[in-house]
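Below is start_4.cif, which holds mmCIF, C-alpha atoms.
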data_entry
#
loop_
_atom_site.label_atom_id
_atom_site.label_comp_id
_atom_site.auth_asym_id
_atom_site.auth_seq_id
_atom_site.Cartn_x
_atom_site.Cartn_y
_atom_site.Cartn_z
CA MET D 236 14.08 -50.01 12.02
CA SER D 237 14.51 -46.72 13.84
CA LYS D 238 12.22 -43.90 12.72
CA GLU D 239 14.72 -41.30 13.87
CA TRP D 240 16.87 -39.65 11.23
CA PRO D 241 20.57 -40.41 11.72
CA LEU D 242 22.82 -37.96 13.52
CA TRP D 243 25.37 -35.96 11.51
CA GLU D 244 28.38 -34.01 12.73
CA VAL D 245 28.87 -30.67 11.00
CA PHE D 246 32.17 -29.00 10.11
CA ILE D 247 32.31 -25.47 8.71
CA ARG D 248 35.21 -23.62 7.09
CA GLY D 249 34.87 -20.02 8.18
CA GLN D 250 37.04 -18.53 5.45
CA HIS D 251 39.42 -19.65 2.77
CA GLY D 252 42.75 -20.82 4.15
CA LEU D 253 41.36 -21.93 7.51
CA SER D 254 40.54 -25.53 8.30
CA HIS D 255 37.03 -26.87 8.85
CA ARG D 256 35.94 -26.75 12.49
CA HIS D 257 33.37 -28.84 14.25
CA VAL D 258 30.37 -26.62 14.99
CA GLY D 259 27.73 -29.07 16.20
CA SER D 260 25.42 -31.80 15.05
CA LEU D 261 21.97 -32.27 13.55
CA HIS D 262 19.55 -34.89 12.24
CA ALA D 263 18.86 -35.48 8.54
CA PRO D 264 17.58 -38.34 6.37
CA ASP D 265 20.54 -38.31 3.96
CA GLU D 266 23.79 -36.50 3.21
CA GLU D 267 22.29 -33.92 0.84
CA MET D 268 19.65 -32.91 3.37
CA ALA D 269 22.33 -32.90 6.08
CA ILE D 270 24.27 -30.28 4.11
CA LYS D 271 21.11 -28.25 3.52
CA ASN D 272 20.17 -28.46 7.20
CA ALA D 273 23.71 -27.49 8.15
CA ARG D 274 23.41 -24.46 5.86
CA ASP D 275 20.14 -23.49 7.53
CA VAL D 276 21.13 -24.20 11.11
CA TYR D 277 24.81 -23.20 11.21
CA THR D 278 25.46 -20.55 8.53
CA ARG D 279 22.58 -18.13 9.16
CA ARG D 280 24.98 -15.37 10.21
CA ASN D 281 27.39 -15.71 7.34
CA GLU D 282 29.70 -18.10 9.17
CA GLY D 283 30.89 -20.29 6.34
CA VAL D 284 32.35 -20.83 2.89
CA SER D 285 32.35 -24.64 3.00
CA ILE D 286 30.43 -27.34 4.83
CA TRP D 287 31.42 -30.92 5.63
CA VAL D 288 29.00 -33.37 7.18
CA VAL D 289 29.75 -36.87 8.34
CA GLU D 290 27.37 -39.35 9.87
CA ALA D 291 28.26 -39.56 13.55
CA ARG D 292 28.43 -43.37 13.53
CA HIS D 293 31.36 -43.19 11.11
CA ILE D 294 33.53 -41.28 13.55
CA ALA D 295 35.90 -43.44 15.56
CA ALA D 296 36.60 -41.80 18.92
CA SER D 297 39.08 -42.38 21.70
CA SER D 298 37.69 -43.58 25.00
CA PRO D 299 37.76 -41.18 27.99
CA GLU D 300 38.77 -44.10 30.27
CA GLU D 301 42.00 -44.50 28.35
CA LYS D 302 43.14 -40.96 28.95
CA GLY D 303 45.92 -42.14 31.29
CA PRO D 304 47.75 -44.39 28.82
CA LEU D 305 46.94 -42.11 25.89
CA TYR D 306 47.98 -38.71 27.16
CA GLU D 307 49.93 -38.89 30.40
CA PRO D 308 53.14 -40.29 28.86
CA SER D 309 53.63 -37.06 26.92
CA ASN D 310 53.45 -34.97 30.12
CA SER D 311 57.01 -35.87 30.99
CA LYS D 312 58.46 -35.23 27.53
CA VAL D 313 59.06 -31.54 27.74
CA TYR D 314 61.88 -31.81 25.20
CA ARG D 315 59.21 -32.30 22.53
CA HIS D 316 58.46 -28.58 22.77
CA PRO D 317 60.89 -26.46 20.76
CA THR D 318 61.02 -23.98 23.67
CA PHE D 319 62.82 -26.66 25.71
CA PHE D 320 66.00 -26.01 23.80
CA ASP D 321 68.30 -23.05 24.28
CA ILE D 322 69.13 -21.44 20.99
CA PRO D 323 72.62 -19.88 20.81
CA GLU D 324 72.56 -16.07 20.37
CA ASP D 325 74.51 -16.43 17.12
CA VAL D 326 71.67 -18.27 15.44
CA GLY D 327 69.38 -15.25 15.57
CA HIS D 328 65.74 -15.63 14.64
CA MET D 329 64.72 -19.06 13.49
CA MET C 161 -4.49 2.10 -17.70
CA LYS C 162 -1.60 4.48 -17.13
CA ASP C 163 1.87 2.95 -17.15
CA GLN C 164 2.67 3.90 -13.56
CA GLN C 165 -0.61 2.39 -12.35
CA ALA C 166 0.13 -0.84 -14.19
CA LEU C 167 3.64 -0.92 -12.75
CA PHE C 168 2.23 -0.33 -9.26
CA GLN C 169 -0.18 -3.27 -9.72
CA PHE C 170 2.61 -5.49 -11.00
CA LEU C 171 4.79 -4.65 -7.98
CA LEU C 172 1.90 -5.32 -5.58
CA ARG C 173 1.45 -8.74 -7.16
CA MET C 174 5.12 -9.57 -6.68
CA GLY C 175 5.25 -8.17 -3.14
CA ASP C 176 1.95 -9.61 -1.97
CA ASN C 177 2.92 -13.10 -3.16
CA SER C 178 6.08 -13.07 -1.08
CA LEU C 179 4.45 -11.29 1.88
CA ILE C 180 1.49 -13.63 2.23
CA LEU C 181 3.50 -16.78 1.61
CA GLY C 182 6.20 -15.51 3.98
CA HIS C 183 3.58 -14.99 6.68
CA ARG C 184 2.06 -18.42 6.09
CA VAL C 185 5.45 -20.11 6.32
CA SER C 186 6.28 -18.16 9.49
CA GLU C 187 3.22 -19.76 11.11
CA TRP C 188 5.30 -22.96 11.35
CA CYS C 189 7.83 -21.28 13.64
CA GLY C 190 8.16 -23.49 16.71
CA LEU C 191 5.71 -26.08 15.36
CA SER C 192 7.64 -27.95 12.64
CA PRO C 193 8.03 -31.72 12.89
CA VAL C 194 11.77 -31.45 13.55
CA LEU C 195 14.09 -28.68 14.73
CA GLU C 196 16.09 -28.58 11.49
CA GLU C 197 12.97 -28.05 9.35
CA ASP C 198 11.71 -25.45 11.79
CA ILE C 199 14.84 -23.34 11.33
CA ALA C 200 14.86 -23.93 7.57
CA LEU C 201 11.24 -22.80 7.25
CA ALA C 202 11.89 -19.74 9.40
CA ASN C 203 14.83 -18.88 7.11
CA THR C 204 12.59 -19.23 4.06
CA ALA C 205 9.91 -17.03 5.65
CA LEU C 206 12.51 -14.37 6.45
CA ASP C 207 13.86 -14.46 2.89
CA LEU C 208 10.33 -13.96 1.57
CA ILE C 209 9.59 -11.07 3.94
CA GLY C 210 12.92 -9.55 2.92
CA GLN C 211 11.95 -9.74 -0.74
CA THR C 212 8.60 -8.18 0.18
CA GLN C 213 10.36 -5.13 1.59
CA PHE C 214 11.97 -4.52 -1.78
CA TRP C 215 8.88 -5.15 -3.89
CA LEU C 216 6.45 -3.20 -1.73
CA GLY C 217 9.04 -0.50 -1.06
CA LEU C 218 9.35 0.08 -4.78
CA ALA C 219 5.54 -0.16 -5.16
CA GLY C 220 5.19 2.68 -2.65
CA GLU C 221 7.74 4.78 -4.57
CA VAL C 222 6.00 4.17 -7.88
CA GLU C 223 2.59 4.96 -6.42
CA ASP C 224 4.05 8.24 -5.09
CA LYS C 225 1.50 8.81 -2.34
CA GLY C 226 3.98 8.52 0.51
CA ARG C 227 3.11 4.93 1.44
CA THR C 228 5.95 2.73 2.72
CA ALA C 229 6.31 -1.04 2.42
CA ASP C 230 5.02 -1.28 6.00
CA ASP C 231 1.96 0.84 5.17
CA LEU C 232 1.16 -1.41 2.22
CA ALA C 233 1.66 -4.58 4.24
CA PHE C 234 -0.21 -3.62 7.38
CA LEU C 235 -2.81 -1.03 6.41
CA ARG C 236 -4.57 -2.54 3.41
CA ASP C 237 -7.62 -4.75 3.63
CA ALA C 238 -8.18 -8.08 1.85
CA TRP C 239 -9.65 -6.60 -1.36
CA ASP C 240 -6.50 -4.54 -1.98
CA PHE C 241 -4.16 -7.55 -1.94
CA ARG C 242 -2.91 -8.89 -5.27
CA ASN C 243 -1.32 -12.23 -4.34
CA VAL C 244 -2.34 -15.43 -6.11
CA LEU C 245 -4.82 -17.53 -4.14
CA MET C 246 -2.41 -20.42 -3.62
CA VAL C 247 -0.17 -18.55 -1.19
CA GLU C 248 -3.02 -17.56 1.13
CA LEU C 249 -4.33 -21.12 1.55
CA PRO C 250 -3.90 -22.57 5.04
CA ASN C 251 -0.73 -24.55 5.68
CA GLY C 252 -2.43 -27.92 6.18
CA ASP C 253 0.08 -30.56 7.22
CA PHE C 254 3.83 -30.25 6.70
CA GLY C 255 3.59 -32.08 3.37
CA GLN C 256 0.97 -29.70 2.04
CA THR C 257 3.09 -26.73 3.10
CA MET C 258 6.13 -28.13 1.31
CA MET C 259 4.10 -28.98 -1.80
CA ARG C 260 2.77 -25.40 -1.94
CA GLN C 261 6.30 -24.12 -1.37
CA PHE C 262 7.62 -26.17 -4.27
CA LEU C 263 4.78 -25.21 -6.65
CA TYR C 264 5.42 -21.55 -5.80
CA ASP C 265 9.24 -21.74 -5.74
CA ALA C 266 9.27 -23.36 -9.19
CA TRP C 267 7.27 -20.44 -10.61
CA SER C 268 9.21 -17.88 -8.63
CA SER C 269 12.62 -19.20 -9.73
CA ILE C 270 11.63 -18.93 -13.41
CA MET C 271 10.00 -15.52 -12.90
CA VAL C 272 13.03 -13.90 -11.24
CA GLY C 273 15.24 -15.42 -13.92
CA ARG C 274 13.26 -13.42 -16.48
CA LEU C 275 13.05 -10.29 -14.33
CA ILE C 276 16.85 -10.11 -14.09
CA LYS C 277 16.64 -8.93 -17.71
CA SER C 278 13.92 -6.33 -16.96
CA SER C 279 14.21 -2.96 -18.71
CA ASP C 280 13.57 -1.37 -15.28
CA LYS C 281 16.89 -1.51 -13.46
CA ARG C 282 15.25 -1.31 -10.02
CA ILE C 283 13.31 -4.47 -10.79
CA ALA C 284 16.33 -6.23 -12.31
CA ASP C 285 18.31 -5.45 -9.14
CA ILE C 286 15.64 -6.87 -6.82
CA ALA C 287 15.36 -9.98 -9.01
CA GLU C 288 19.14 -10.44 -9.02
CA LYS C 289 19.29 -10.33 -5.23
CA ALA C 290 16.24 -12.56 -4.72
CA SER C 291 17.35 -15.11 -7.31
CA LYS C 292 20.03 -16.64 -5.06
CA GLU C 293 17.58 -17.10 -2.19
CA ILE C 294 14.94 -18.55 -4.50
CA ALA C 295 17.41 -20.94 -6.13
CA TYR C 296 18.03 -22.41 -2.69
CA HIS C 297 14.32 -22.48 -1.80
CA VAL C 298 13.36 -24.45 -4.89
CA GLU C 299 16.23 -26.89 -4.43
CA ARG C 300 15.18 -27.52 -0.86
CA SER C 301 11.43 -27.76 -1.44
CA ALA C 302 11.93 -30.01 -4.49
CA ASP C 303 14.12 -32.37 -2.43
CA THR C 304 11.51 -32.53 0.30
CA VAL C 305 8.69 -33.18 -2.18
CA VAL C 306 10.72 -36.04 -3.66
CA GLY C 307 11.68 -37.38 -0.22
CA LEU C 308 8.10 -37.43 1.03
CA GLY C 309 6.43 -38.36 -2.27
CA ASP C 310 8.79 -41.28 -2.80
CA GLY C 311 8.82 -42.08 0.92
CA SER C 312 6.54 -44.21 3.02
CA GLU C 313 3.01 -45.22 2.04
CA GLU C 314 1.59 -42.58 4.34
CA SER C 315 3.89 -39.75 3.22
CA HIS C 316 3.17 -40.62 -0.42
CA ALA C 317 -0.59 -40.52 0.16
CA ARG C 318 -0.34 -37.17 1.94
CA MET C 319 1.78 -35.63 -0.82
CA GLN C 320 -0.60 -36.86 -3.52
CA ALA C 321 -3.54 -35.40 -1.55
CA ALA C 322 -1.63 -32.10 -1.21
CA LEU C 323 -0.93 -32.01 -4.93
CA ASP C 324 -4.57 -32.78 -5.79
CA TYR C 325 -5.71 -29.98 -3.45
CA LEU C 326 -3.20 -27.37 -4.64
CA TRP C 327 -3.05 -28.09 -8.36
CA PRO C 328 -6.24 -26.11 -9.21
CA TYR C 329 -4.47 -23.03 -7.81
CA VAL C 330 -1.37 -23.35 -10.02
CA GLY C 331 -3.00 -22.01 -13.20
CA GLU C 332 -3.58 -18.53 -11.76
CA MET C 333 0.17 -17.84 -11.77
CA PHE C 334 0.09 -17.95 -15.58
CA ASP C 335 -3.01 -15.80 -16.16
CA GLY C 336 -2.45 -12.48 -17.90
CA ASP C 337 -4.43 -9.25 -18.14
CA GLU C 338 -3.96 -5.61 -19.19
CA VAL C 339 -1.42 -5.07 -16.39
CA ASP C 340 0.75 -7.84 -17.78
CA ALA C 341 0.28 -6.57 -21.33
CA ALA C 342 1.58 -3.16 -20.24
CA MET C 343 4.59 -4.80 -18.54
CA VAL C 344 5.39 -6.83 -21.64
CA ALA C 345 5.07 -3.76 -23.89
CA ALA C 346 7.50 -1.81 -21.68
CA GLY C 347 9.95 -4.74 -21.49
CA ILE C 348 9.56 -4.74 -17.71
CA ALA C 349 8.21 -8.25 -17.14
CA PRO C 350 7.39 -11.35 -19.18
CA ASP C 351 3.95 -12.50 -20.25
CA PRO C 352 2.96 -14.92 -17.43
CA ALA C 353 1.81 -17.53 -19.95
CA SER C 354 5.33 -17.63 -21.42
CA LEU C 355 6.63 -19.17 -18.19
CA ARG C 356 4.34 -22.19 -18.39
CA GLU C 357 6.43 -24.46 -20.59
CA GLU C 358 9.55 -24.16 -18.45
CA TYR C 359 7.41 -24.52 -15.32
CA ASP C 360 5.75 -27.70 -16.51
CA ALA C 361 9.10 -29.21 -17.45
CA LEU C 362 10.55 -28.53 -13.99
CA VAL C 363 7.44 -29.52 -12.04
CA ASN C 364 6.80 -32.69 -14.04
CA LYS C 365 10.40 -33.78 -13.59
CA VAL C 366 10.30 -33.35 -9.81
CA LEU C 367 6.79 -34.77 -9.36
CA SER C 368 7.58 -37.83 -11.42
CA GLU C 369 10.72 -38.40 -9.37
CA ALA C 370 8.44 -38.06 -6.35
CA THR C 371 6.21 -40.80 -7.89
CA LEU C 372 3.24 -38.39 -7.80
CA LYS C 373 0.53 -38.01 -10.44
CA VAL C 374 -0.21 -34.56 -11.79
CA PRO C 375 -3.99 -34.05 -11.95
CA THR C 376 -5.30 -33.77 -15.49
CA ASP C 377 -8.23 -31.42 -14.74
CA VAL C 378 -7.50 -28.08 -16.42
CA PHE C 379 -9.88 -25.98 -14.28
CA HIS C 380 -8.19 -23.37 -12.11
CA HIS C 381 -9.27 -20.94 -9.41
CA LYS C 382 -8.51 -17.26 -9.90
CA GLY C 383 -9.29 -13.83 -8.53
CA GLY C 384 -6.29 -13.24 -6.24
CA ARG C 385 -3.81 -11.48 -8.52
CA THR C 386 -6.58 -9.28 -10.00
CA GLY C 387 -8.15 -8.63 -6.58
CA TYR C 388 -11.52 -9.75 -7.93
CA MET C 389 -12.08 -12.21 -5.10
CA HIS C 390 -9.78 -13.76 -2.50
CA THR C 391 -10.53 -16.92 -0.55
CA GLU C 392 -12.02 -16.58 2.93
CA HIS C 393 -8.59 -17.46 4.32
CA LEU C 394 -6.89 -14.17 3.48
CA GLY C 395 -9.06 -12.12 5.86
CA HIS C 396 -8.25 -14.46 8.72
CA LEU C 397 -4.55 -14.29 7.92
CA LEU C 398 -4.66 -10.47 7.89
CA THR C 399 -6.40 -10.23 11.28
CA SER C 400 -3.43 -12.04 12.73
CA MET C 401 -0.68 -10.40 10.62
CA GLN C 402 -2.02 -6.85 10.93
CA TRP C 403 -3.31 -7.07 14.49
CA LEU C 404 -0.59 -5.00 16.13
CA GLN C 405 -0.83 -2.06 13.72
CA ARG C 406 -4.62 -2.15 13.92
CA ALA C 407 -4.72 -2.22 17.71
CA TYR C 408 -1.83 0.23 18.24
CA PRO C 409 -1.67 2.44 15.13
CA GLY C 410 1.85 3.62 14.35
CA ALA C 411 3.45 1.46 17.05
CA THR C 412 7.20 0.92 16.57
CA TRP C 413 9.99 -0.81 18.42
#

Here is the file; what I need is its structure written in the form of structure tokens.
Amino acid sequence: MSKEWPLWEVFIRGQHGLSHRHVGSLHAPDEEMAIKNARDVYTRRNEGVSIWVVEARHIAASSPEEKGPLYEPSNSKVYRHPTFFDIPEDVGHM
Amino acid sequence: MKDQQALFQFLLRMGDNSLILGHRVSEWCGLSPVLEEDIALANTALDLIGQTQFWLGLAGEVEDKGRTADDLAFLRDAWDFRNVLMVELPNGDFGQTMMRQFLYDAWSSIMVGRLIKSSDKRIADIAEKASKEIAYHVERSADTVVGLGDGSEESHARMQAALDYLWPYVGEMFDGDEVDAAMVAAGIAPDPASLREEYDALVNKVLSEATLKVPTDVFHHKGGRTGYMHTEHLGHLLTSMQWLQRAYPGATW
């Protein structure tokens, strides 16, 4: 069994109404200590109103090698941006 | 004893507890077993030094001889300090430091809870501000005591040794004298002995969760909060803490 504490990813909500943002990671023995450590490491300068932690091994991530098939197809689909379309003058602000 | 003198002594006791413990905890800076604990301990030390500024600042005002919090912290010698002996003891290993932190935080959290209702608004305000920091400290130190006490065979043995070593210093926090009697009479602060029941309930709960045995010996060391006699460790701590002001009087940056 590894003696290292597991790695946790930390997400902080900066203020009400905003979404949580990933701010970094840390080690902790369990989820309660991970939140306490996150409080001590990442909110020392009044950065947060809410903390999420998730053990890093529970995050499923895309593979960098697959970036071609994953992202390149959307390069050629400019019509997916609303700015692609001309809006008639008569419509006014949308 | 005049009321203002008693109040001054009371404030020194509060301020010296947080100052000396804050300095002790700061000694871990850069040396903790893991980065996260290092930052957490530094935060705790800074909270304690911050509380010291309020307590000793008010002590200086009450004394009315023009001494600031800095003067009181850096220009007094060992016999003028009024902290309990427990906070000046050396850190020992990380477990011993966290055990001391918990035994102090438990007392401190109950004490500030009472001081919020002090008849002296200046004291009630300091207690109100400090109470949020202390609530976090005691939650954190209690969790660590449980984690290590109910941890591996080695961590359990170290925490039990720490408790056995520190327990004889717990009783001093509940001693009372004429200073305390004056504070009680003026409605400024509670009788220290009146905190004991709540303290024992909290400490026994956490220590039993930590699978640790509270020593049954009732003897306790004393002499810190009255200034009668500190341990040899306080002088060594002061030579380090006060070095800069002693070597370069009045230095600022």

I want to know what sits within 10 Å of segment 320-324 of chain C, based on all atoms listed in the file, with residues of the same chain fewer than 4 positions away left out; could you give that as JSON, numbers by chain? {"C": [252, 253, 254, 255, 256, 257, 258, 259, 260, 263, 308, 309, 314, 315, 316, 328, 329, 367, 370, 371, 372, 373, 374, 375, 376, 377]}

At what distance in Å, to one decimal, does atom CA of Lys225 of chain C lie from atom CA of Ala341 of chain C? 24.5 Å

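Near chain C, the residues of chain D that fall inside 12 Å (using all atoms listed in the file) are D:Lys238, D:Glu239, D:Trp240, D:Leu242, D:Trp243, D:Ser260, D:Leu261, D:His262, D:Ala263, D:Pro264, D:Asp265, D:Glu266, D:Glu267, D:Met268, D:Ala269, D:Ile270, D:Lys271, D:Asn272, D:Ala273, D:Arg274, D:Asp275, D:Val276, D:Tyr277, D:Thr278, D:Arg279, D:Arg280.
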
Evaluate the PyMOL selection byres ((chain D and resi 259) around 7) and record the selected residues as a list in words, following the chain and residue labels used in the document. Glu244, Val245, His257, Val258 and Ser260 of chain D

Target residues per the PyMOL selection byres ((chain C and resi 173) around 10), formatted as a PDB file with C-alpha atoms, in the coordinates of the input:
ATOM      1  CA  LEU C 167       3.640  -0.920 -12.750  1.00  0.00           C
ATOM      2  CA  PHE C 168       2.230  -0.330  -9.260  1.00  0.00           C
ATOM      3  CA  GLN C 169      -0.180  -3.270  -9.720  1.00  0.00           C
ATOM      4  CA  PHE C 170       2.610  -5.490 -11.000  1.00  0.00           C
ATOM      5  CA  LEU C 171       4.790  -4.650  -7.980  1.00  0.00           C
ATOM      6  CA  LEU C 172       1.900  -5.320  -5.580  1.00  0.00           C
ATOM      7  CA  MET C 174       5.120  -9.570  -6.680  1.00  0.00           C
ATOM      8  CA  GLY C 175       5.250  -8.170  -3.140  1.00  0.00           C
ATOM      9  CA  ASP C 176       1.950  -9.610  -1.970  1.00  0.00           C
ATOM     10  CA  ASN C 177       2.920 -13.100  -3.160  1.00  0.00           C
ATOM     11  CA  SER C 178       6.080 -13.070  -1.080  1.00  0.00           C
ATOM     12  CA  LEU C 179       4.450 -11.290   1.880  1.00  0.00           C
ATOM     13  CA  TRP C 215       8.880  -5.150  -3.890  1.00  0.00           C
ATOM     14  CA  LEU C 216       6.450  -3.200  -1.730  1.00  0.00           C
ATOM     15  CA  ALA C 219       5.540  -0.160  -5.160  1.00  0.00           C
ATOM     16  CA  PHE C 241      -4.160  -7.550  -1.940  1.00  0.00           C
ATOM     17  CA  ARG C 242      -2.910  -8.890  -5.270  1.00  0.00           C
ATOM     18  CA  ASN C 243      -1.320 -12.230  -4.340  1.00  0.00           C
ATOM     19  CA  VAL C 244      -2.340 -15.430  -6.110  1.00  0.00           C
ATOM     20  CA  GLY C 384      -6.290 -13.240  -6.240  1.00  0.00           C
ATOM     21  CA  ARG C 385      -3.810 -11.480  -8.520  1.00  0.00           C
ATOM     22  CA  THR C 386      -6.580  -9.280 -10.000  1.00  0.00           C
ATOM     23  CA  GLY C 387      -8.150  -8.630  -6.580  1.00  0.00           C
TER      24      GLY C 387
END

For Phe262 of chain C, list every protein, DNA or RNA residue within 8 Å, evaluated using only C-alpha atoms, and leave out those in the same chain fewer than 4 positions away; present the list as a list in words. Met258, Ala266, Val298, Ser301, Ala302 and Val305 of chain C

If we count all atoms listed in the file and set the cut-off at 10 Å, which residues sit around His251 of chain D, ignoring sequence neighbours fewer than 4 positions away in its own chain? Please answer as number ranges by chain. D: 255, 283-285

Could the residues in this selection be saved with C-alpha atoms as a PDB file, in the coordinates of the input?
ATOM      1  CA  HIS D 255      37.030 -26.870   8.850  1.00  0.00           C
ATOM      2  CA  GLY D 283      30.890 -20.290   6.340  1.00  0.00           C
ATOM      3  CA  VAL D 284      32.350 -20.830   2.890  1.00  0.00           C
ATOM      4  CA  SER D 285      32.350 -24.640   3.000  1.00  0.00           C
TER       5      SER D 285
END

The PyMOL selection byres ((chain C and resi 209) around 8) - which residues does that actually catch in the file I just gave you? List them as a VMD selection string. chain C and resid 178 to 179 182 to 183 205 to 208 210 to 213

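Atom CA of Leu398 of chain C to atom CA of Asp340 of chain C spans 26.4 Å [interatomic distance, one decimal].
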
For atom CA of Gly395 of chain C and atom CA of Gly226 of chain C, quote the distance in Å rounded to one decimal. 25.0 Å
